[in-house]
$ cat coords.pdb   # PDB, C-alpha atoms, pLDDT in the B column
ATOM      1  CA  LYS U   1     -56.608  19.415  63.998  1.00 47.00           C
ATOM      2  CA  GLN U   2     -53.156  18.232  63.021  1.00 48.00           C
ATOM      3  CA  LYS U   3     -52.752  14.466  63.029  1.00 47.00           C
ATOM      4  CA  THR U   4     -50.196  12.694  65.180  1.00 50.00           C
ATOM      5  CA  ALA U   5     -47.921  10.135  63.554  1.00 49.00           C
ATOM      6  CA  TYR U   6     -50.128   7.378  64.944  1.00 46.00           C
ATOM      7  CA  GLU U   7     -53.183   8.800  63.121  1.00 48.00           C
ATOM      8  CA  ILE U   8     -51.509   9.305  59.753  1.00 48.00           C
ATOM      9  CA  THR U   9     -52.220   6.818  56.993  1.00 49.00           C
ATOM     10  CA  TYR U  10     -49.827   6.126  54.122  1.00 46.00           C
ATOM     11  CA  GLY U  11     -51.541   8.629  51.809  1.00 50.00           C
ATOM     12  CA  ASP U  12     -51.238  11.409  54.406  1.00 50.00           C
ATOM     13  CA  TRP U  13     -47.449  11.280  54.737  1.00 48.00           C
ATOM     14  CA  SER U  14     -46.586  13.471  51.775  1.00 48.00           C
ATOM     15  CA  SER U  15     -48.746  16.354  52.987  1.00 49.00           C
ATOM     16  CA  ASP U  16     -47.431  16.113  56.550  1.00 48.00           C
ATOM     17  CA  VAL U  17     -43.725  15.527  55.847  1.00 46.00           C
ATOM     18  CA  CYS U  18     -42.695  18.922  57.222  1.00 49.00           C
ATOM     19  CA  SER U  19     -45.018  18.717  60.200  1.00 69.00           C
ATOM     20  CA  THR U  20     -43.256  19.787  63.369  1.00 76.00           C
ATOM     21  CA  ASP U  21     -45.354  17.421  65.465  1.00 81.00           C
ATOM     22  CA  LEU U  22     -44.495  14.499  63.224  1.00 86.00           C
ATOM     23  CA  ALA U  23     -40.778  15.349  63.264  1.00 89.00           C
ATOM     24  CA  ILE U  24     -40.876  15.525  67.077  1.00 90.00           C
ATOM     25  CA  GLU U  25     -42.544  12.114  67.316  1.00 91.00           C
ATOM     26  CA  VAL U  26     -40.013  10.606  64.902  1.00 93.00           C
ATOM     27  CA  ALA U  27     -37.097  12.217  66.809  1.00 93.00           C
ATOM     28  CA  ASN U  28     -38.404  10.765  70.068  1.00 94.00           C
ATOM     29  CA  ALA U  29     -38.769   7.343  68.466  1.00 95.00           C
ATOM     30  CA  ILE U  30     -35.190   7.562  67.168  1.00 95.00           C
ATOM     31  CA  ALA U  31     -33.877   8.446  70.634  1.00 95.00           C
ATOM     32  CA  TRP U  32     -35.757   5.462  72.071  1.00 94.00           C
ATOM     33  CA  LEU U  33     -34.428   3.134  69.339  1.00 95.00           C
ATOM     34  CA  LEU U  34     -30.864   4.230  70.028  1.00 95.00           C
ATOM     35  CA  SER U  35     -31.357   3.709  73.764  1.00 94.00           C
ATOM     36  CA  GLN U  36     -32.254   0.099  72.910  1.00 94.00           C
ATOM     37  CA  HIS U  37     -29.639  -0.588  70.215  1.00 94.00           C
ATOM     38  CA  GLY U  38     -26.689   1.642  71.150  1.00 93.00           C
ATOM     39  CA  SER U  39     -25.951   2.733  67.597  1.00 96.00           C
ATOM     40  CA  LEU U  40     -27.327   2.085  64.136  1.00 97.00           C
ATOM     41  CA  SER U  41     -26.278   2.971  60.624  1.00 96.00           C
ATOM     42  CA  GLU U  42     -28.328   5.891  59.319  1.00 95.00           C
ATOM     43  CA  GLU U  43     -30.098   3.548  56.904  1.00 95.00           C
ATOM     44  CA  GLU U  44     -30.904   1.035  59.664  1.00 96.00           C
ATOM     45  CA  CYS U  45     -32.161   3.869  61.837  1.00 96.00           C
ATOM     46  CA  LEU U  46     -34.511   5.184  59.146  1.00 95.00           C
ATOM     47  CA  ARG U  47     -35.772   1.683  58.364  1.00 94.00           C
ATOM     48  CA  GLU U  48     -36.316   0.750  62.028  1.00 95.00           C
ATOM     49  CA  VAL U  49     -38.112   3.959  62.947  1.00 95.00           C
ATOM     50  CA  ALA U  50     -40.363   3.581  59.886  1.00 93.00           C
ATOM     51  CA  ARG U  51     -41.128   0.055  61.074  1.00 93.00           C
ATOM     52  CA  LEU U  52     -42.100   1.444  64.494  1.00 93.00           C
ATOM     53  CA  PHE U  53     -44.642   3.638  62.728  1.00 90.00           C
ATOM     54  CA  GLY U  54     -46.041   0.630  60.857  1.00 91.00           C
ATOM     55  CA  PHE U  55     -44.313   0.877  57.477  1.00 89.00           C
ATOM     56  CA  ALA U  56     -42.843  -2.256  55.918  1.00 87.00           C
ATOM     57  CA  ARG U  57     -40.761  -0.314  53.399  1.00 86.00           C
ATOM     58  CA  VAL U  58     -39.273   3.161  53.213  1.00 88.00           C
ATOM     59  CA  GLY U  59     -40.536   4.993  50.145  1.00 89.00           C
ATOM     60  CA  THR U  60     -39.754   8.580  49.237  1.00 90.00           C
ATOM     61  CA  SER U  61     -42.371  10.286  51.431  1.00 87.00           C
ATOM     62  CA  VAL U  62     -41.701   8.075  54.430  1.00 89.00           C
ATOM     63  CA  ARG U  63     -37.929   8.577  54.024  1.00 92.00           C
ATOM     64  CA  GLU U  64     -38.404  12.356  53.971  1.00 90.00           C
ATOM     65  CA  ALA U  65     -40.451  12.240  57.177  1.00 89.00           C
ATOM     66  CA  MET U  66     -37.980   9.930  58.930  1.00 93.00           C
ATOM     67  CA  THR U  67     -35.026  12.068  57.776  1.00 94.00           C
ATOM     68  CA  ALA U  68     -36.688  15.226  59.126  1.00 92.00           C
ATOM     69  CA  GLY U  69     -37.070  13.457  62.467  1.00 93.00           C
ATOM     70  CA  LEU U  70     -33.460  12.290  62.373  1.00 95.00           C
ATOM     71  CA  GLU U  71     -32.238  15.837  61.760  1.00 94.00           C
ATOM     72  CA  LEU U  72     -34.323  17.055  64.703  1.00 92.00           C
ATOM     73  CA  ALA U  73     -32.941  14.258  66.872  1.00 94.00           C
ATOM     74  CA  LEU U  74     -29.397  15.243  65.882  1.00 94.00           C
ATOM     75  CA  GLN U  75     -30.089  18.857  66.860  1.00 93.00           C
ATOM     76  CA  HIS U  76     -32.197  18.462  69.995  1.00 90.00           C
ATOM     77  CA  ARG U  77     -32.345  14.895  71.329  1.00 89.00           C
ATOM     78  CA  GLY U  78     -28.737  14.143  72.194  1.00 92.00           C
ATOM     79  CA  VAL U  79     -28.149  12.061  69.091  1.00 95.00           C
ATOM     80  CA  GLY U  80     -24.778  12.173  67.369  1.00 95.00           C
ATOM     81  CA  ARG U  81     -23.560  11.096  63.931  1.00 95.00           C
ATOM     82  CA  GLU U  82     -20.153   9.545  63.290  1.00 94.00           C
ATOM     83  CA  ALA U  83     -18.861   7.530  60.335  1.00 94.00           C
ATOM     84  CA  GLY U  84     -22.343   6.915  58.932  1.00 91.00           C
ATOM     85  CA  ARG U  85     -23.745   5.749  62.266  1.00 96.00           C
ATOM     86  CA  VAL U  86     -26.042   7.481  64.721  1.00 97.00           C
ATOM     87  CA  ARG U  87     -25.953   7.022  68.493  1.00 96.00           C
ATOM     88  CA  LEU U  88     -26.933   8.783  71.667  1.00 94.00           C
ATOM     89  CA  SER U  89     -24.267  11.300  72.625  1.00 89.00           C
TER      90      SER U  89
END
$ encode --input "coords.pdb" --output "structure tokens"
Amino acid sequence: KQKTAYEITYGDWSSDVCSTDLAIEVANAIAWLLSQHGSLSEEECLREVARLFGFARVGTSVREAMTAGLELALQHRGVGREAGRVRLS
């Protein structure tokens, strides 16, 4: 059984970074964050979504997972990027 983002512990992130299910959950969280904040810098977005998933800091593995979710959100969740900021389109 593949773990959801809510079941993944810190040590699991590196093995699940490319997980489609994880990327979908992160993309959904990003869309929700942007619906609450309007727009965020890409760095703020990555940091805030990591915080939603319970991480106090964004290390390499967490950043890779959050970035994969951001890319999915940009492609399929109505999120746009402009001048270093992301927002709902």
$ closest_residue --input "coords.pdb" --among "U:Ala56, U:Val49, U:Val86, U:Val62" --to "Asn28 of chain U" --atoms "all atoms listed in the file"
U:Val49
$ axis_aligned_box --input "coords.pdb" --around "segment 27-43 of chain U" --padding-each-side "6 Å" --output "JSON"
{"center_x": -32.4, "center_y": 5.8, "center_z": 65.3, "size_x": 24.8, "size_y": 24.8, "size_z": 28.9}
$ atom_distance --input "coords.pdb" --atom1 "atom CA of Gln75 of chain U" --atom2 "atom CA of Val58 of chain U"
22.7 Å
$ atom_distance --input "coords.pdb" --atom1 "atom CA of Arg81 of chain U" --atom2 "atom CA of Met66 of chain U"
15.3 Å
$ resolve_selection --input "coords.pdb" --expression "the PyMOL selection byres ((chain U and resi 78) around 9)" --output "MDAnalysis selection string"
chainID U and resid 31 73:77 79:80 87:89
$ atom_distance --input "coords.pdb" --atom1 "atom CA of Asp21 of chain U" --atom2 "atom CA of Ala50 of chain U"
15.7 Å
$ closest_residue --input "coords.pdb" --among "U:Ile24, U:Trp32, U:Gly84, U:Ala65" --to "Glu44 of chain U" --atoms "only C-alpha atoms"
U:Gly84
